[in-house]
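J.: Sharing a structure below in structure tokens format, with a few things to ask.
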Amino acid sequence: MHTGEQALAPGAAVLRGFALGYARTLLAEVERIAECAPFRFLTTPGGYTMSVAMTNCGLAGWVSDRTGYRYDPIDPLTGRAWPSMPESFLALAREAAARLGFEPYHPDVCLINRYEPGARLSLHQDRDEKGYVDPIVSVSLGLPAVFLFGGARRADRPERIPLGHGDVVVWGGPSRLRFHGVMPLKEGHHPLLGRKRINLTFRKAL
Ligand code: MD3
Ligand code: FE
């Protein structure tokens, strides 16, 4: 059940439970995507291996290696184009963006993050996209996580926002370039996903 918007900051709000009715469909699509473009642990330019496993669908994918971060139309792991963005992904992302007045919304990439207990995302900005006018829409599935919503500067103390199965967040306008991250995932069991959290993030990257 969706229970209305919880404003976080100008241009940003949590839509609690907004994706609940879509969850099984989205997860079936994630499985299909991962058969073509497997989840992998990317290397950062600094030489660390990320604890979050990633894959993508859409016209390009976000990738990282020793040379840097980029959106690549070809999956470097398979040498093929990324799987196309499922209609169900697009429909959900558009419906969520519209709730905050971001219309039309044409995301061309969906980055799919897979967390297992202990996996985390350190504080960062999303600034590899071509522009920052369009919002990012994120969909959380599976185990709950604590999201860190920082400020315009890395040193700004982040707010802690719990995100659970089915929650959707729209980050646009002045919130788009704020620092953010995810605390280490706690152990747990989710009826649909077991010991995992999946996060879909929709972007207009190209
Ligand atoms: C706030 N993923 O993939 S999505 C990422 O839960 C990423 O996997 C997180 O941060 C996750 O880059 C959080 C939410 C998100 C995405 C972009 C933002 C929040 C944001 C940009 C600005 C502010
Ligand atoms: Fe991010």
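By order in the structure tokens, chains are A, B, ...; within a chain, residues start at 1; ligands start at 1, following the order shown.
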Give me, as JSON lines, the closest atom pair and its distance (Å, one decimal) for every residue of chain A within a cut-off of 8 Å of ligand 1, counting only C-alpha atoms and all ligand atoms, rows sorted by chain and rising number.
T.:
{"residue": "A:Leu111", "atom": "CA", "partner": "ligand 1", "partner_atom_place_in_ligand_line": "3 (O)", "distance": 6.4}
{"residue": "A:Ile112", "atom": "CA", "partner": "ligand 1", "partner_atom_place_in_ligand_line": "3 (O)", "distance": 7.5}
{"residue": "A:Asn113", "atom": "CA", "partner": "ligand 1", "partner_atom_place_in_ligand_line": "8 (O)", "distance": 5.4}
{"residue": "A:Arg114", "atom": "CA", "partner": "ligand 1", "partner_atom_place_in_ligand_line": "8 (O)", "distance": 7.6}
{"residue": "A:Tyr115", "atom": "CA", "partner": "ligand 1", "partner_atom_place_in_ligand_line": "8 (O)", "distance": 7.9}
{"residue": "A:Leu121", "atom": "CA", "partner": "ligand 1", "partner_atom_place_in_ligand_line": "9 (C)", "distance": 7.0}
{"residue": "A:His124", "atom": "CA", "partner": "ligand 1", "partner_atom_place_in_ligand_line": "10 (O)", "distance": 7.4}
{"residue": "A:Gln125", "atom": "CA", "partner": "ligand 1", "partner_atom_place_in_ligand_line": "21 (C)", "distance": 6.3}
{"residue": "A:Asp126", "atom": "CA", "partner": "ligand 1", "partner_atom_place_in_ligand_line": "21 (C)", "distance": 5.5}
{"residue": "A:Ile136", "atom": "CA", "partner": "ligand 1", "partner_atom_place_in_ligand_line": "17 (C)", "distance": 5.6}
{"residue": "A:Val137", "atom": "CA", "partner": "ligand 1", "partner_atom_place_in_ligand_line": "16 (C)", "distance": 7.0}
{"residue": "A:Ser138", "atom": "CA", "partner": "ligand 1", "partner_atom_place_in_ligand_line": "4 (S)", "distance": 5.0}
{"residue": "A:Val139", "atom": "CA", "partner": "ligand 1", "partner_atom_place_in_ligand_line": "4 (S)", "distance": 7.4}
{"residue": "A:Ser140", "atom": "CA", "partner": "ligand 1", "partner_atom_place_in_ligand_line": "6 (O)", "distance": 6.8}
{"residue": "A:Ala145", "atom": "CA", "partner": "ligand 1", "partner_atom_place_in_ligand_line": "6 (O)", "distance": 7.7}
{"residue": "A:Phe147", "atom": "CA", "partner": "ligand 1", "partner_atom_place_in_ligand_line": "6 (O)", "distance": 6.7}
{"residue": "A:Phe149", "atom": "CA", "partner": "ligand 1", "partner_atom_place_in_ligand_line": "1 (C)", "distance": 6.4}
{"residue": "A:Gly150", "atom": "CA", "partner": "ligand 1", "partner_atom_place_in_ligand_line": "23 (C)", "distance": 7.9}
{"residue": "A:Val169", "atom": "CA", "partner": "ligand 1", "partner_atom_place_in_ligand_line": "14 (C)", "distance": 6.9}
{"residue": "A:Val170", "atom": "CA", "partner": "ligand 1", "partner_atom_place_in_ligand_line": "19 (C)", "distance": 7.9}
{"residue": "A:Trp171", "atom": "CA", "partner": "ligand 1", "partner_atom_place_in_ligand_line": "23 (C)", "distance": 5.5}
{"residue": "A:Gly172", "atom": "CA", "partner": "ligand 1", "partner_atom_place_in_ligand_line": "22 (C)", "distance": 7.4}
{"residue": "A:Ser175", "atom": "CA", "partner": "ligand 1", "partner_atom_place_in_ligand_line": "23 (C)", "distance": 5.5}
{"residue": "A:Arg176", "atom": "CA", "partner": "ligand 1", "partner_atom_place_in_ligand_line": "22 (C)", "distance": 4.1}
{"residue": "A:Leu177", "atom": "CA", "partner": "ligand 1", "partner_atom_place_in_ligand_line": "22 (C)", "distance": 4.8}
{"residue": "A:Arg178", "atom": "CA", "partner": "ligand 1", "partner_atom_place_in_ligand_line": "23 (C)", "distance": 4.7}
{"residue": "A:Phe179", "atom": "CA", "partner": "ligand 1", "partner_atom_place_in_ligand_line": "23 (C)", "distance": 6.1}
{"residue": "A:His180", "atom": "CA", "partner": "ligand 1", "partner_atom_place_in_ligand_line": "1 (C)", "distance": 5.4}
{"residue": "A:Gly181", "atom": "CA", "partner": "ligand 1", "partner_atom_place_in_ligand_line": "10 (O)", "distance": 5.6}
{"residue": "A:Val182", "atom": "CA", "partner": "ligand 1", "partner_atom_place_in_ligand_line": "6 (O)", "distance": 6.0}
{"residue": "A:Ile198", "atom": "CA", "partner": "ligand 1", "partner_atom_place_in_ligand_line": "8 (O)", "distance": 7.4}
{"residue": "A:Asn199", "atom": "CA", "partner": "ligand 1", "partner_atom_place_in_ligand_line": "8 (O)", "distance": 4.9}
{"residue": "A:Leu200", "atom": "CA", "partner": "ligand 1", "partner_atom_place_in_ligand_line": "8 (O)", "distance": 7.0}
{"residue": "A:Thr201", "atom": "CA", "partner": "ligand 1", "partner_atom_place_in_ligand_line": "4 (S)", "distance": 5.6}
J.: Mind dumping the selected residues with C-alpha atoms as an mmCIF file, in the first residue's frame?
T.:
data_model
loop_
_atom_site.group_PDB
_atom_site.id
_atom_site.type_symbol
_atom_site.label_atom_id
_atom_site.label_comp_id
_atom_site.auth_asym_id
_atom_site.auth_seq_id
_atom_site.Cartn_x
_atom_site.Cartn_y
_atom_site.Cartn_z
ATOM 1 C CA LEU A 111 21.636 0.979 -12.694
ATOM 2 C CA ILE A 112 20.780 -2.113 -10.662
ATOM 3 C CA ASN A 113 22.576 -2.461 -7.324
ATOM 4 C CA ARG A 114 22.596 -5.702 -5.333
ATOM 5 C CA TYR A 115 23.474 -5.575 -1.632
ATOM 6 C CA LEU A 121 28.008 2.612 -0.586
ATOM 7 C CA HIS A 124 29.364 10.222 -3.174
ATOM 8 C CA GLN A 125 27.633 12.448 -5.718
ATOM 9 C CA ASP A 126 26.081 11.182 -8.958
ATOM 10 C CA ILE A 136 16.950 10.283 -10.304
ATOM 11 C CA VAL A 137 14.292 7.797 -9.241
ATOM 12 C CA SER A 138 15.319 4.977 -6.918
ATOM 13 C CA VAL A 139 13.355 1.843 -6.060
ATOM 14 C CA SER A 140 14.242 -0.287 -3.032
ATOM 15 C CA ALA A 145 18.684 -0.202 4.410
ATOM 16 C CA PHE A 147 20.203 5.685 3.346
ATOM 17 C CA PHE A 149 21.309 11.900 2.624
ATOM 18 C CA GLY A 150 24.070 14.465 2.851
ATOM 19 C CA VAL A 169 12.530 7.990 -3.822
ATOM 20 C CA VAL A 170 12.586 10.833 -6.325
ATOM 21 C CA TRP A 171 15.636 13.095 -6.176
ATOM 22 C CA GLY A 172 15.417 16.144 -8.363
ATOM 23 C CA SER A 175 18.659 17.781 -4.283
ATOM 24 C CA ARG A 176 20.068 16.188 -7.396
ATOM 25 C CA LEU A 177 23.745 16.825 -6.596
ATOM 26 C CA ARG A 178 23.680 16.167 -2.863
ATOM 27 C CA PHE A 179 26.128 13.694 -1.379
ATOM 28 C CA HIS A 180 24.565 10.361 -0.441
ATOM 29 C CA GLY A 181 25.411 6.784 0.491
ATOM 30 C CA VAL A 182 24.101 3.592 2.062
ATOM 31 C CA ILE A 198 18.075 -4.672 -4.795
ATOM 32 C CA ASN A 199 18.030 -0.991 -5.702
ATOM 33 C CA LEU A 200 17.050 0.303 -9.126
ATOM 34 C CA THR A 201 18.223 3.825 -9.948
#
J.: What lies within 9 Å of segment 87-92 of chain A using only C-alpha atoms, ignoring chain neighbours under 5 positions off, as a PyMOL selection string?
T.: chain A and resi 18-19+22+25-26+29+97+106-107+110+200+202
J.: Hey, what's within 9 Å of segment 58-64 of chain A if we count only C-alpha atoms and toss same-chain stuff fewer than 5 positions away? As a list in words, please?
T.: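 Once the adjacent positions are removed, what remains is Leu42, Thr43, Thr44, Pro45, Tyr69, Arg70, Tyr71, Asp72, Pro73, Ile74, Asp75, Pro76, Ala81, Trp82, Pro83, Ser84, Met85, Pro86, Pro107, Asp108, Val109, Cys110, Leu111, Asp128, Ala205 and Leu206 of chain A.
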J.: With a cut-off of 10 Å, could you pull out the residues of segment 80-170 of chain A touching segment 3-11 of chain A and give me the nearest pair of atoms for each, distance in Å to one decimal, using only C-alpha atoms, ordered by chain and ascending number, as JSON lines?
T.:
{"residue": "A:Arg99", "atom": "CA", "partner": "A:Glu5", "partner_atom": "CA", "distance": 8.4}
{"residue": "A:Leu100", "atom": "CA", "partner": "A:Gly11", "partner_atom": "CA", "distance": 7.2}
{"residue": "A:Gly101", "atom": "CA", "partner": "A:Gly11", "partner_atom": "CA", "distance": 9.1}
{"residue": "A:Phe102", "atom": "CA", "partner": "A:Gly11", "partner_atom": "CA", "distance": 9.1}
{"residue": "A:Pro135", "atom": "CA", "partner": "A:Gly11", "partner_atom": "CA", "distance": 8.4}
{"residue": "A:Phe149", "atom": "CA", "partner": "A:Leu8", "partner_atom": "CA", "distance": 9.0}
{"residue": "A:Glu159", "atom": "CA", "partner": "A:Leu8", "partner_atom": "CA", "distance": 9.6}
{"residue": "A:Ile161", "atom": "CA", "partner": "A:Leu8", "partner_atom": "CA", "distance": 9.1}
{"residue": "A:Val168", "atom": "CA", "partner": "A:Glu5", "partner_atom": "CA", "distance": 9.7}
{"residue": "A:Val169", "atom": "CA", "partner": "A:Glu5", "partner_atom": "CA", "distance": 9.3}
{"residue": "A:Val170", "atom": "CA", "partner": "A:Gly11", "partner_atom": "CA", "distance": 7.6}
J.: Residues as selected, C-alpha atoms, written as a CSV table (one decimal), in the first residue's frame, can you do that?
T.:
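Just written: selection.csv:
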chain,number,residue,atom,x,y,z
A,99,ARG,CA,4.1,12.6,-8.5
A,100,LEU,CA,6.7,15.3,-7.8
A,101,GLY,CA,5.8,17.2,-11.0
A,102,PHE,CA,8.8,16.0,-13.1
A,135,PRO,CA,15.6,13.7,-11.4
A,149,PHE,CA,21.3,11.9,2.6
A,159,GLU,CA,20.5,12.6,7.5
A,161,ILE,CA,16.6,7.7,6.0
A,168,VAL,CA,10.5,4.8,-4.1
A,169,VAL,CA,12.5,8.0,-3.8
A,170,VAL,CA,12.6,10.8,-6.3
